[in-house]
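For reference, upload32.cif (mmCIF, C-alpha atoms and all ligand atoms):
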data_model
loop_
_atom_site.label_atom_id
_atom_site.label_comp_id
_atom_site.auth_asym_id
_atom_site.auth_seq_id
_atom_site.Cartn_x
_atom_site.Cartn_y
_atom_site.Cartn_z
CA MET A 1 -33.83 35.57 11.82
CA VAL A 2 -33.95 32.10 10.42
CA GLY A 3 -33.49 28.83 12.26
CA TYR A 4 -34.99 26.93 15.11
CA GLU A 5 -35.98 29.89 17.20
CA TYR A 6 -37.64 31.63 14.27
CA TYR A 7 -39.51 28.50 13.30
CA PHE A 8 -40.57 27.80 16.86
CA THR A 9 -41.89 31.32 17.51
CA ASN A 10 -43.86 31.39 14.28
CA LYS A 11 -45.10 27.86 14.66
CA ILE A 12 -46.55 28.70 18.03
CA LYS A 13 -48.09 31.88 16.68
CA GLU A 14 -49.73 29.95 13.93
CA ASP A 15 -51.22 27.43 16.31
CA THR A 16 -52.52 29.52 19.19
CA THR A 17 -56.10 29.33 17.99
CA LEU A 18 -56.07 25.60 17.33
CA ARG A 19 -58.31 23.73 19.74
CA ALA A 20 -58.77 20.00 19.34
CA TYR A 21 -62.04 18.19 19.94
CA ASN A 22 -60.76 16.85 23.22
CA PHE A 23 -62.45 13.64 24.38
CA ASN A 24 -59.65 12.60 26.73
CA ALA A 25 -60.62 10.57 29.79
CA GLY A 26 -58.38 12.46 32.20
CA PRO A 27 -56.65 14.81 32.38
CA ALA A 28 -59.34 16.18 30.16
CA ALA A 29 -60.77 19.27 28.52
CA VAL A 30 -60.73 22.53 30.48
CA PRO A 31 -63.14 25.32 29.47
CA LEU A 32 -61.45 27.66 26.98
CA PRO A 33 -62.48 30.85 28.87
CA VAL A 34 -60.75 29.41 31.95
CA LEU A 35 -57.51 28.82 30.05
CA GLU A 36 -57.69 32.30 28.58
CA GLN A 37 -58.27 33.89 31.97
CA ALA A 38 -55.32 31.98 33.44
CA GLN A 39 -53.21 33.07 30.48
CA LYS A 40 -54.16 36.70 30.99
CA GLU A 41 -53.24 36.58 34.67
CA LEU A 42 -50.29 34.23 34.42
CA VAL A 43 -47.49 36.75 34.85
CA ASN A 44 -49.19 39.39 36.94
CA PHE A 45 -52.05 38.19 39.12
CA LYS A 46 -54.32 41.03 40.29
CA ASN A 47 -51.52 43.56 40.35
CA THR A 48 -49.29 41.58 42.67
CA GLY A 49 -46.52 41.57 40.08
CA MET A 50 -46.45 37.81 40.49
CA SER A 51 -48.04 34.71 39.11
CA VAL A 52 -50.48 32.86 41.37
CA MET A 53 -47.91 30.08 41.51
CA GLU A 54 -45.36 32.54 42.92
CA LEU A 55 -47.58 33.79 45.74
CA SER A 56 -47.04 32.68 49.29
CA HIS A 57 -49.73 30.26 50.34
CA ARG A 58 -50.03 32.40 53.48
CA SER A 59 -50.63 35.60 51.53
CA LYS A 60 -53.93 37.43 51.56
CA GLU A 61 -54.14 37.18 47.76
CA TYR A 62 -53.75 33.42 47.73
CA GLU A 63 -56.09 32.90 50.62
CA GLU A 64 -58.77 34.75 48.70
CA VAL A 65 -58.39 32.35 45.79
CA HIS A 66 -58.46 29.36 48.12
CA ASN A 67 -61.56 30.49 49.99
CA ARG A 68 -63.32 31.54 46.82
CA ALA A 69 -62.96 27.99 45.48
CA ILE A 70 -64.48 26.59 48.67
CA THR A 71 -67.34 29.11 48.67
CA LEU A 72 -68.13 28.48 45.03
CA LEU A 73 -68.19 24.71 45.47
CA ARG A 74 -70.47 25.06 48.49
CA GLU A 75 -72.78 27.30 46.51
CA LEU A 76 -72.82 25.22 43.32
CA MET A 77 -73.34 21.88 45.07
CA ASN A 78 -75.55 23.22 47.84
CA ILE A 79 -73.23 21.86 50.51
CA PRO A 80 -74.63 22.43 54.02
CA ASP A 81 -72.55 23.92 56.86
CA THR A 82 -72.51 20.49 58.48
CA TYR A 83 -69.88 19.51 55.89
CA GLU A 84 -66.23 20.45 55.39
CA VAL A 85 -64.77 21.10 51.95
CA LEU A 86 -61.13 20.01 51.82
CA PHE A 87 -58.32 20.17 49.27
CA LEU A 88 -55.89 17.26 49.28
CA GLN A 89 -53.26 15.81 47.02
CA GLY A 90 -52.59 12.23 45.93
CA GLY A 91 -55.53 12.01 43.52
CA GLY A 92 -58.58 9.82 43.80
CA SER A 93 -56.18 6.94 44.34
CA LEU A 94 -54.87 8.13 47.70
CA GLN A 95 -58.47 8.37 48.90
CA PHE A 96 -58.75 4.62 48.39
CA SER A 97 -56.29 4.24 51.30
CA MET A 98 -57.19 7.26 53.40
CA ILE A 99 -60.82 6.22 53.73
CA PRO A 100 -60.19 2.85 55.42
CA MET A 101 -57.20 4.28 57.30
CA ASN A 102 -59.47 6.86 58.91
CA PHE A 103 -62.82 5.13 59.03
CA LEU A 104 -62.47 1.36 59.05
CA GLN A 105 -62.64 0.72 62.78
CA GLU A 106 -61.63 -2.57 64.31
CA GLY A 107 -64.44 -5.08 64.53
CA LYS A 108 -66.38 -3.34 61.76
CA THR A 109 -66.79 -4.20 58.10
CA ALA A 110 -66.43 -1.86 55.13
CA HIS A 111 -68.90 -2.63 52.35
CA TYR A 112 -68.08 -2.06 48.70
CA ILE A 113 -70.25 -2.15 45.63
CA LEU A 114 -68.05 -3.03 42.68
CA SER A 115 -69.02 -1.39 39.40
CA GLY A 116 -65.66 -1.21 37.68
CA ALA A 117 -61.89 -1.02 37.87
CA TRP A 118 -61.76 1.98 40.20
CA SER A 119 -64.03 0.42 42.80
CA GLU A 120 -61.88 -2.73 42.65
CA LYS A 121 -58.85 -0.59 43.42
CA ALA A 122 -60.64 1.14 46.29
CA LEU A 123 -61.53 -2.25 47.77
CA LYS A 124 -57.99 -3.56 47.41
CA GLU A 125 -56.62 -0.76 49.61
CA ALA A 126 -59.26 -1.28 52.28
CA LYS A 127 -58.33 -4.94 52.64
CA ASP A 128 -55.04 -3.87 54.19
CA PHE A 129 -56.80 -2.12 57.04
CA GLY A 130 -59.60 -4.41 58.13
CA GLU A 131 -62.66 -6.45 57.25
CA THR A 132 -64.24 -5.81 53.89
CA ARG A 133 -67.19 -7.23 52.05
CA VAL A 134 -68.33 -7.00 48.46
CA LEU A 135 -71.99 -6.17 48.81
CA ALA A 136 -72.62 -6.46 45.06
CA SER A 137 -70.61 -6.64 41.86
CA SER A 138 -71.29 -6.60 38.13
CA LYS A 139 -67.87 -7.98 37.28
CA ASP A 140 -69.35 -11.20 35.86
CA ALA A 141 -71.23 -9.09 33.33
CA ASN A 142 -67.97 -7.33 32.39
CA TYR A 143 -69.22 -4.27 34.26
CA THR A 144 -71.83 -3.42 31.65
CA HIS A 145 -74.22 -2.17 34.32
CA ILE A 146 -74.48 -0.83 37.85
CA PRO A 147 -75.28 -3.69 40.27
CA THR A 148 -78.82 -3.71 41.62
CA ASP A 149 -78.96 -7.11 43.32
CA TYR A 150 -78.12 -6.19 46.89
CA SER A 151 -79.91 -5.50 50.11
CA LEU A 152 -79.03 -2.68 52.49
CA GLU A 153 -80.80 -4.49 55.34
CA ASP A 154 -77.86 -6.52 56.54
CA ILE A 155 -75.13 -3.89 56.53
CA LYS A 156 -76.45 -1.99 59.54
CA ASP A 157 -73.30 -2.42 61.63
CA GLY A 158 -70.89 -1.68 58.80
CA ALA A 159 -68.24 1.03 58.97
CA TYR A 160 -69.32 2.52 55.65
CA LEU A 161 -70.63 1.72 52.18
CA HIS A 162 -68.43 2.73 49.23
CA ILE A 163 -69.67 3.32 45.69
CA THR A 164 -68.15 4.71 42.49
CA THR A 165 -70.79 6.98 40.97
CA ASN A 166 -69.34 6.96 37.45
CA ASN A 167 -67.21 4.23 35.95
CA THR A 168 -64.78 6.06 33.75
CA ILE A 169 -63.39 2.97 32.06
CA TYR A 170 -66.61 1.00 31.43
CA GLY A 171 -68.86 3.99 30.75
CA THR A 172 -71.54 3.26 33.31
CA GLN A 173 -73.06 5.58 35.88
CA TRP A 174 -75.40 5.43 38.86
CA ASN A 175 -78.76 7.11 38.24
CA GLU A 176 -80.04 7.06 41.78
CA TYR A 177 -77.87 6.72 44.83
CA PRO A 178 -78.72 4.24 47.58
CA THR A 179 -80.19 5.50 50.84
CA SER A 180 -77.66 3.83 53.06
CA PRO A 181 -78.21 3.00 56.74
CA ILE A 182 -74.45 3.46 57.28
CA PRO A 183 -72.16 6.30 56.10
CA LEU A 184 -72.20 6.41 52.31
CA ILE A 185 -68.89 7.23 50.64
CA ALA A 186 -68.67 8.05 46.95
CA ASP A 187 -65.86 8.30 44.47
CA MET A 188 -67.15 11.04 42.16
CA SER A 189 -63.83 11.62 40.42
CA SER A 190 -65.35 11.45 36.96
CA ASP A 191 -68.79 12.94 37.48
CA ILE A 192 -68.73 15.49 40.28
CA LEU A 193 -70.78 18.57 39.31
CA PHE A 194 -72.28 16.86 36.28
CA LYS A 195 -75.78 17.21 37.71
CA GLU A 196 -77.53 18.40 40.84
CA ILE A 197 -77.20 15.90 43.66
CA ASP A 198 -78.29 15.67 47.27
CA VAL A 199 -75.01 15.96 49.18
CA GLU A 200 -76.76 14.98 52.39
CA LYS A 201 -77.10 11.40 51.18
CA PHE A 202 -73.34 11.08 51.60
CA SER A 203 -70.92 11.20 54.50
CA LEU A 204 -67.92 11.63 52.24
CA ILE A 205 -67.56 12.55 48.56
CA TYR A 206 -64.19 12.68 46.85
CA ALA A 207 -62.96 13.62 43.39
CA GLY A 208 -59.63 14.15 41.72
CA ALA A 209 -59.95 17.43 39.81
CA GLN A 210 -58.63 16.40 36.41
CA LYS A 211 -61.92 15.20 34.91
CA ASN A 212 -64.67 17.66 35.76
CA LEU A 213 -62.96 20.28 37.91
CA GLY A 214 -59.78 21.40 36.19
CA PRO A 215 -56.18 20.24 36.15
CA SER A 216 -54.66 17.35 38.09
CA GLY A 217 -52.94 18.04 41.40
CA VAL A 218 -55.84 18.73 43.71
CA THR A 219 -58.43 16.32 45.12
CA VAL A 220 -61.67 17.66 46.54
CA VAL A 221 -63.12 16.00 49.63
CA ILE A 222 -66.55 16.89 50.98
CA ILE A 223 -67.01 15.35 54.40
CA LYS A 224 -69.75 15.44 57.00
CA LYS A 225 -68.47 16.93 60.24
CA ASP A 226 -70.05 14.38 62.56
CA PHE A 227 -68.63 11.57 60.42
CA LEU A 228 -65.20 13.18 60.58
CA GLU A 229 -65.43 13.12 64.36
CA THR A 230 -65.56 9.32 64.27
CA ALA A 231 -62.20 9.08 62.48
CA ARG A 232 -59.34 7.15 64.04
CA THR A 233 -56.70 9.29 65.66
CA ASN A 234 -53.64 7.10 65.18
CA VAL A 235 -53.23 8.18 61.56
CA PRO A 236 -50.19 10.00 60.12
CA THR A 237 -50.74 13.76 60.10
CA MET A 238 -50.86 14.18 56.33
CA LEU A 239 -53.21 11.20 55.92
CA SER A 240 -55.70 12.37 58.50
CA TYR A 241 -58.74 14.31 57.27
CA SER A 242 -58.80 16.22 60.54
CA THR A 243 -55.48 17.88 59.70
CA TYR A 244 -57.06 19.40 56.59
CA ALA A 245 -60.32 20.30 58.33
CA GLU A 246 -58.60 22.01 61.26
CA ASN A 247 -56.32 24.07 59.02
CA ASN A 248 -58.63 25.02 56.15
CA SER A 249 -56.47 22.71 53.98
CA LEU A 250 -53.47 24.95 54.70
CA TYR A 251 -51.53 22.78 57.14
CA ASN A 252 -48.77 22.52 54.57
CA THR A 253 -48.39 24.02 51.10
CA PRO A 254 -51.45 23.12 49.06
CA PRO A 255 -51.30 22.78 45.25
CA THR A 256 -51.96 26.50 44.87
CA PHE A 257 -52.02 26.75 41.09
CA ALA A 258 -54.36 23.76 40.73
CA ILE A 259 -56.69 25.28 43.32
CA TYR A 260 -56.59 28.58 41.43
CA MET A 261 -57.56 26.74 38.23
CA LEU A 262 -60.32 24.96 40.15
CA SER A 263 -61.66 28.33 41.30
CA LEU A 264 -61.76 29.54 37.68
CA VAL A 265 -63.57 26.38 36.55
CA LEU A 266 -66.14 26.88 39.31
CA GLU A 267 -66.62 30.53 38.27
CA TRP A 268 -67.21 29.23 34.76
CA VAL A 269 -69.82 26.71 35.98
CA LYS A 270 -71.57 29.53 37.79
CA GLU A 271 -71.52 31.68 34.67
CA GLN A 272 -73.06 28.85 32.67
CA GLY A 273 -76.05 29.09 34.97
CA GLY A 274 -74.89 26.62 37.58
CA VAL A 275 -75.08 22.86 37.76
CA LYS A 276 -78.64 22.72 36.44
CA SER A 277 -77.57 24.23 33.10
CA ILE A 278 -74.47 22.06 33.00
CA GLN A 279 -76.69 19.01 33.48
CA LYS A 280 -79.01 19.97 30.63
CA ASN A 281 -76.01 20.54 28.43
CA ASN A 282 -74.50 17.18 29.39
CA GLU A 283 -77.75 15.39 28.56
CA GLU A 284 -77.86 16.99 25.12
CA LYS A 285 -74.19 16.27 24.47
CA ALA A 286 -74.47 12.59 25.35
CA LYS A 287 -77.68 12.26 23.35
CA TYR A 288 -75.90 13.24 20.13
CA ILE A 289 -73.45 10.39 20.54
CA TYR A 290 -75.82 7.75 21.92
CA ASP A 291 -78.20 8.55 19.06
CA ALA A 292 -75.38 8.00 16.59
CA ILE A 293 -74.80 4.61 18.21
CA ASP A 294 -78.48 3.63 18.42
CA ASN A 295 -79.24 4.70 14.85
CA SER A 296 -76.26 2.88 13.36
CA GLU A 297 -78.11 -0.42 12.71
CA GLY A 298 -75.72 -2.26 14.97
CA PHE A 299 -72.52 -0.83 13.45
CA TYR A 300 -71.69 0.78 16.79
CA LYS A 301 -72.53 -1.11 19.97
CA ALA A 302 -72.63 0.57 23.38
CA HIS A 303 -70.75 -1.28 26.11
CA ALA A 304 -73.16 -0.16 28.84
CA THR A 305 -76.71 -1.45 29.14
CA GLU A 306 -79.25 1.27 28.52
CA ASP A 307 -80.23 1.81 32.16
CA SER A 308 -76.60 2.33 33.22
CA ARG A 309 -75.28 4.53 30.41
CA SER A 310 -72.91 7.24 31.53
CA LEU A 311 -73.29 10.86 30.47
CA MET A 312 -69.56 11.36 31.05
CA ASN A 313 -67.84 8.44 29.32
CA ILE A 314 -69.52 6.91 26.30
CA THR A 315 -68.04 3.51 25.47
CA PHE A 316 -68.75 1.69 22.23
CA THR A 317 -67.32 -0.87 19.85
CA LEU A 318 -67.19 -1.22 16.08
CA PRO A 319 -67.70 -4.50 14.14
CA ASN A 320 -64.01 -5.45 14.21
CA GLU A 321 -60.49 -4.49 15.15
CA GLU A 322 -59.63 -3.27 11.66
CA LEU A 323 -62.55 -0.84 11.48
CA THR A 324 -61.80 0.37 14.99
CA LYS A 325 -58.26 1.25 13.96
CA LYS A 326 -59.48 2.96 10.82
CA PHE A 327 -62.08 4.89 12.80
CA LEU A 328 -59.53 6.11 15.32
CA GLN A 329 -57.10 7.09 12.56
CA GLU A 330 -59.65 9.09 10.59
CA ALA A 331 -60.97 10.65 13.79
CA LYS A 332 -57.49 11.82 14.67
CA GLU A 333 -57.03 13.42 11.26
CA ARG A 334 -60.08 15.53 12.03
CA GLN A 335 -58.80 16.60 15.44
CA PHE A 336 -60.99 14.23 17.48
CA ILE A 337 -58.58 13.32 20.26
CA GLY A 338 -58.71 10.67 23.00
CA LEU A 339 -61.25 8.28 21.49
CA ALA A 340 -59.40 4.99 22.01
CA GLY A 341 -61.06 2.84 24.66
CA HIS A 342 -59.25 1.86 27.84
CA ARG A 343 -56.98 -1.12 27.24
CA SER A 344 -59.10 -3.31 29.51
CA VAL A 345 -62.32 -2.76 27.53
CA GLY A 346 -61.07 -2.04 24.00
CA GLY A 347 -63.18 -0.29 21.39
CA CYS A 348 -63.75 3.44 21.72
CA ARG A 349 -64.61 5.88 24.44
CA ALA A 350 -65.69 9.50 24.19
CA SER A 351 -65.38 11.36 27.46
CA THR A 352 -67.86 14.21 27.45
CA TYR A 353 -67.07 15.96 30.70
CA ASN A 354 -68.58 19.34 31.63
CA ALA A 355 -65.95 21.32 29.72
CA VAL A 356 -66.40 19.46 26.42
CA PRO A 357 -68.45 21.78 24.20
CA LYS A 358 -71.72 20.71 22.64
CA GLU A 359 -70.30 21.42 19.16
CA ALA A 360 -67.57 18.84 19.74
CA CYS A 361 -70.16 16.17 20.56
CA GLU A 362 -72.34 17.10 17.60
CA ALA A 363 -69.31 17.01 15.29
CA LEU A 364 -68.30 13.61 16.63
CA ALA A 365 -71.81 12.22 16.17
CA ASN A 366 -71.85 13.47 12.57
CA PHE A 367 -68.46 11.94 11.93
CA MET A 368 -69.59 8.62 13.41
CA THR A 369 -72.60 8.51 11.10
CA GLU A 370 -70.52 9.47 8.10
CA PHE A 371 -67.93 6.82 8.92
CA LYS A 372 -70.62 4.17 9.31
CA ASN A 373 -72.15 5.07 5.94
CA GLN A 374 -68.78 4.81 4.21
CA ASN A 375 -67.82 1.52 5.78
C1 LIG B 1 -59.47 8.86 37.34
C2 LIG B 1 -60.19 8.17 38.45
C3 LIG B 1 -59.54 7.82 39.65
C4 LIG B 1 -58.05 7.99 39.87
O1 LIG B 1 -57.69 9.27 39.95
P1 LIG B 1 -56.17 9.70 40.22
O2 LIG B 1 -56.36 11.14 40.50
O3 LIG B 1 -55.41 9.40 38.98
O4 LIG B 1 -55.69 8.94 41.39
C5 LIG B 1 -60.29 7.26 40.65
N1 LIG B 1 -61.61 7.04 40.50
C6 LIG B 1 -62.26 7.35 39.36
C7 LIG B 1 -63.72 7.08 39.24
C8 LIG B 1 -61.57 7.92 38.31
O5 LIG B 1 -62.21 8.24 37.17
#

Give the structure from the file, written as structure tokens.
Ligand SMILES: *Cc1c(COP(=O)(O)O)cnc(C)c1O
Amino acid sequence: MVGYEYYFTNKIKEDTTLRAYNFNAGPAAVPLPVLEQAQKELVNFKNTGMSVMELSHRSKEYEEVHNRAITLLRELMNIPDTYEVLFLQGGGSLQFSMIPMNFLQEGKTAHYILSGAWSEKALKEAKDFGETRVLASSKDANYTHIPTDYSLEDIKDGAYLHITTNNTIYGTQWNEYPTSPIPLIADMSSDILFKEIDVEKFSLIYAGAQKNLGPSGVTVVIIKKDFLETARTNVPTMLSYSTYAENNSLYNTPPTFAIYMLSLVLEWVKEQGGVKSIQKNNEEKAKYIYDAIDNSEGFYKAHATEDSRSLMNITFTLPNEELTKKFLQEAKERQFIGLAGHRSVGGCRASTYNAVPKEACEALANFMTEFKNQN
């Protein structure tokens, strides 16, 4: 057989083992064992004769997957029983609206700390629902650091305080979270599960899955039960957190396949030795690349100040536009994918989420040094 079909079949066969060094910012790398497991079970999941995506969301088999994902997340993040774990859709972006819709009560003010483009977007949505205040911002410094010049003294009557723990675009990250006198809400879309954290500091944590948790399509929300009880009631059913809490996130059809993938990613994290091991790994991975930057005699410059450097998104520039282009081109030829910086910052960005292997980061660091020496 010769022709398109022949070519296509053989081409795919040839390429099944090819894995790029994936530094995409999101959707991003998924652990290879997770993809392989999903592949193995794709057509016949646990002897059901069906794919997970073909199962009824009311079936026993699906419910097991669903509950396993919740249990694993609780275990891995040490989430107390005083919190709900919910699965929503609409990405991190819908949370920007749902939070004020549910929790910005009349007469109260929502406080935002701006540390990048995503926190700006979160603030913008809240403005439609009530009073907001920018408690601190590092915008004037082109978001090179996490703001520190604020006082939590005068926000006592606020509805909540919103922070973005990792700034995907600028490559900065909070080291220590504030101890807030009012409910603390965090967008952890790009660094959830990257290290051990104290969930009890927060009233609500949210994260779109496509950076550290798996594929896009599901958004994880971890919410304190007594905070949930303060939510407004005149909210559309599908935009009310209570709907999800009261129905174990099964009020309507959830994104079943994405939740299945999430459960596999969480199994993988557990197998790695849990979040503690992931954290150690992330520190080593980022060190390879930051070392390549710091030892480059100024050839590479990090966008973030040293105290705010992210372990998830490493942003850096080269001496000029021409070299940046050349760098990205040569990187691509060697299967380093996703290194172009966000259009609003320019330069380069390597996203080193949990699933990016250490070897990929080491290989990138070596390439960076080699490129610097040749140019
Ligand atoms: C990617 C990202 C978002 C947006 O996520 P969507 O799922 O595309 O809506 C929000 N916040 C942060 C910090 C992100 O990295």

| task | Please identify every polymer residue within 8 Å of ligand LIG 1 (chain B), using all atoms listed in the file, and present the set as a ChimeraX atom specification. | result | /A:25-26,90-94,118-119,164-169,187-191,207-211,216-217,219

| task | Check the smallest atom-to-atom distance from each of A:Val218, A:Ala350, A:Leu228, A:Ala186 to Glu246 in chain A using all atoms listed in the file, then report the winner. | result | A:Leu228

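Residues surrounding range 47-57 of chain A within 7 Å are A:Leu42, A:Val43, A:Asn44, A:Tyr62, A:Glu63, A:Thr253, A:Thr256, A:Phe257 [all atoms listed in the file; sequence separation below 3 positions excluded].
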
| request: Identify the residues within 12 Å of coordinate (-61.6, -3.2, 50.3) (same frame as the file), considering only C-alpha atoms, and give the answer as a PyMOL selection string. | output: chain A and resi 96-101+104+109-114+118-135+159-163

| Shortest interatomic distance to Gly341 in chain A - which of A:Ala355, A:Val235, A:Ile185, A:Leu318, counting all atoms listed in the file |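 Comparing A:Ala355, A:Val235, A:Ile185, A:Leu318 against Gly341 in chain A, the winner is A:Leu318.
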
Per residue of range 113-221 of chain A within 12 Å of range 267-286 of chain A, note the shortest atom pair and the distance in Å to one decimal, counting all atoms listed in the file, and order the rows by chain and increasing residue number, as a tab-separated table.
residue	atom	partner	partner_atom	distance
A:Gly171	CA	A:Ala286	CA	11.6
A:Asp191	CA	A:Gln279	CA	10.7
A:Ile192	CA	A:Val275	CA	10.0
A:Leu193	CA	A:Val275	CA	6.3
A:Phe194	CA	A:Gln279	CA	5.6
A:Lys195	CA	A:Gln279	CA	4.7
A:Glu196	CA	A:Val275	CA	5.9
A:Ile197	CA	A:Val275	CA	9.4
A:Asn212	CA	A:Val269	CA	10.4
A:Leu213	CA	A:Val269	CA	9.6
A:Gly214	CA	A:Trp268	CA	10.9

Do a neighbour search on Thr148 in chain A at 9 Å with all atoms listed in the file, toss out local chain neighbours closer than 3 positions, and write the hits as a short mmCIF file (atom, residue, chain, number, x, y, z; two decimals) with C-alpha atoms, in the coordinates of the input.
data_model
loop_
_atom_site.label_atom_id
_atom_site.label_comp_id
_atom_site.auth_asym_id
_atom_site.auth_seq_id
_atom_site.Cartn_x
_atom_site.Cartn_y
_atom_site.Cartn_z
CA ALA A 136 -72.62 -6.46 45.06
CA SER A 137 -70.61 -6.64 41.86
CA SER A 138 -71.29 -6.60 38.13
CA HIS A 145 -74.22 -2.17 34.32
CA SER A 151 -79.91 -5.50 50.11
#

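Take the candidates A:Leu152, A:Cys348, A:Ala304, A:Ala292 and check each one against Thr317 in chain A using all atoms listed in the file; the shortest distance goes to A:Cys348.
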
| remark: In terms of all atoms listed in the file, the residue from A:Arg349, A:Lys139, A:Lys108, A:Lys46 at minimal distance from Gly158 in chain A is A:Lys108

| Polymer residues at most 10 Å from Arg309 in chain A, all atoms listed in the file, same-chain spacing of 2 or more positions, as a list of chain:residue names |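 With the cut-off at 10 Å, the set is A:Thr144, A:His145, A:Ile146, A:Asn166, A:Asn167, A:Tyr170, A:Gly171, A:Thr172, A:Gln173, A:Trp174, A:Asn175, A:Ala286, A:Tyr290, A:Ala302, A:His303, A:Ala304, A:Thr305, A:Glu306, A:Asp307, A:Leu311, A:Met312, A:Asn313, A:Ile314, A:Thr315.
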
| Of the residues A:Asn247, A:Ser115, A:Asn295, A:Ser240, which is the one nearest to Gln95 in chain A, using only C-alpha atoms? | A:Ser240

| said: One decimal, in Å: what's the spacing between CA of Leu264 in chain A and CA of Ala29 in chain A? | reply: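 CA of Ala29 in chain A lies at a distance of 13.8 Å from CA of Leu264 in chain A.
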
| task | Would you kindly return, as an MDAnalysis selection string, each protein, DNA or RNA residue with an atom no farther than 12 Å from any atom of Tyr241 in chain A, considering all atoms listed in the file and excluding same-chain residues fewer than 2 positions away? | result | chainID A and resid 84:89 95 97:103 204 206 220:225 227:239 243:249 251

| field | Among the residues A:Thr82, A:Gly116, A:Glu370, A:Lys40, the one that comes closest to Asp226 in chain A [using all atoms listed in the file] | value | A:Thr82

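Neighbours of Glu362 in chain A closer than or equal to 9 Å, with only C-alpha atoms counted and sequence neighbours fewer than 3 positions away skipped, come out as Lys285, Tyr288, Ile289, Pro357, Lys358, Glu359, Ala365, Asn366 and Phe367 of chain A.
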
| request: Up to 10 Å from (-71.7, 1.2, 10.1) in the file's coordinates: name the residues, counting all atoms listed in the file, as a list of chain:residue names. | output: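 Selection result: A:Ile293, A:Asn295, A:Ser296, A:Glu297, A:Gly298, A:Phe299, A:Tyr300, A:Leu318, A:Pro319, A:Leu323, A:Met368, A:Thr369, A:Glu370, A:Phe371, A:Lys372, A:Asn373, A:Gln374, A:Asn375.
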
Selection to disk with C-alpha atoms, as a PDB file, in the coordinates of the input:
ATOM      1  CA  ILE A 293     -74.800   4.610  18.210  1.00  0.00           C
ATOM      2  CA  ASN A 295     -79.240   4.700  14.850  1.00  0.00           C
ATOM      3  CA  SER A 296     -76.260   2.880  13.360  1.00  0.00           C
ATOM      4  CA  GLU A 297     -78.110  -0.420  12.710  1.00  0.00           C
ATOM      5  CA  GLY A 298     -75.720  -2.260  14.970  1.00  0.00           C
ATOM      6  CA  PHE A 299     -72.520  -0.830  13.450  1.00  0.00           C
ATOM      7  CA  TYR A 300     -71.690   0.780  16.790  1.00  0.00           C
ATOM      8  CA  LEU A 318     -67.190  -1.220  16.080  1.00  0.00           C
ATOM      9  CA  PRO A 319     -67.700  -4.500  14.140  1.00  0.00           C
ATOM     10  CA  LEU A 323     -62.550  -0.840  11.480  1.00  0.00           C
ATOM     11  CA  MET A 368     -69.590   8.620  13.410  1.00  0.00           C
ATOM     12  CA  THR A 369     -72.600   8.510  11.100  1.00  0.00           C
ATOM     13  CA  GLU A 370     -70.520   9.470   8.100  1.00  0.00           C
ATOM     14  CA  PHE A 371     -67.930   6.820   8.920  1.00  0.00           C
ATOM     15  CA  LYS A 372     -70.620   4.170   9.310  1.00  0.00           C
ATOM     16  CA  ASN A 373     -72.150   5.070   5.940  1.00  0.00           C
ATOM     17  CA  GLN A 374     -68.780   4.810   4.210  1.00  0.00           C
ATOM     18  CA  ASN A 375     -67.820   1.520   5.780  1.00  0.00           C
TER      19      ASN A 375
END

| query | Do you have the CA of Pro215 in chain A-CA of Lys325 in chain A distance handy? | reply | 29.3 Å

| Any idea what the distance is between CA of Arg68 in chain A and CA of Pro31 in chain A? |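 These atoms are spaced 18.4 Å apart.
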
Mind writing range 157-165 of chain A to a file for me, with N, CA and C atoms, as an mmCIF file, in the first residue's frame?
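Result written to result-v4.cif:
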data_model
loop_
_atom_site.group_PDB
_atom_site.id
_atom_site.type_symbol
_atom_site.label_atom_id
_atom_site.label_comp_id
_atom_site.auth_asym_id
_atom_site.auth_seq_id
_atom_site.Cartn_x
_atom_site.Cartn_y
_atom_site.Cartn_z
ATOM 1 N N ASP A 157 -11.944 45.304 57.514
ATOM 2 C CA ASP A 157 -13.360 45.123 57.162
ATOM 3 C C ASP A 157 -13.558 44.674 55.718
ATOM 4 N N GLY A 158 -12.484 44.334 55.041
ATOM 5 C CA GLY A 158 -12.588 43.969 53.638
ATOM 6 C C GLY A 158 -13.313 42.645 53.426
ATOM 7 N N ALA A 159 -13.818 42.459 52.224
ATOM 8 C CA ALA A 159 -14.515 41.215 51.884
ATOM 9 C C ALA A 159 -13.512 40.071 51.766
ATOM 10 N N TYR A 160 -12.410 40.346 51.096
ATOM 11 C CA TYR A 160 -11.336 39.354 50.952
ATOM 12 C C TYR A 160 -10.095 40.031 50.390
ATOM 13 N N LEU A 161 -8.982 39.306 50.486
ATOM 14 C CA LEU A 161 -7.722 39.766 49.885
ATOM 15 C C LEU A 161 -7.328 38.745 48.819
ATOM 16 N N HIS A 162 -7.074 39.234 47.607
ATOM 17 C CA HIS A 162 -6.753 38.331 46.485
ATOM 18 C C HIS A 162 -5.287 38.473 46.079
ATOM 19 N N ILE A 163 -4.610 37.344 45.970
ATOM 20 C CA ILE A 163 -3.225 37.351 45.462
ATOM 21 C C ILE A 163 -3.064 36.311 44.346
ATOM 22 N N THR A 164 -2.043 36.500 43.537
ATOM 23 C CA THR A 164 -1.680 35.525 42.503
ATOM 24 C C THR A 164 -0.326 34.959 42.926
ATOM 25 N N THR A 165 -0.292 33.681 43.318
ATOM 26 C CA THR A 165 0.931 33.170 43.957
ATOM 27 C C THR A 165 2.103 33.025 43.001
#
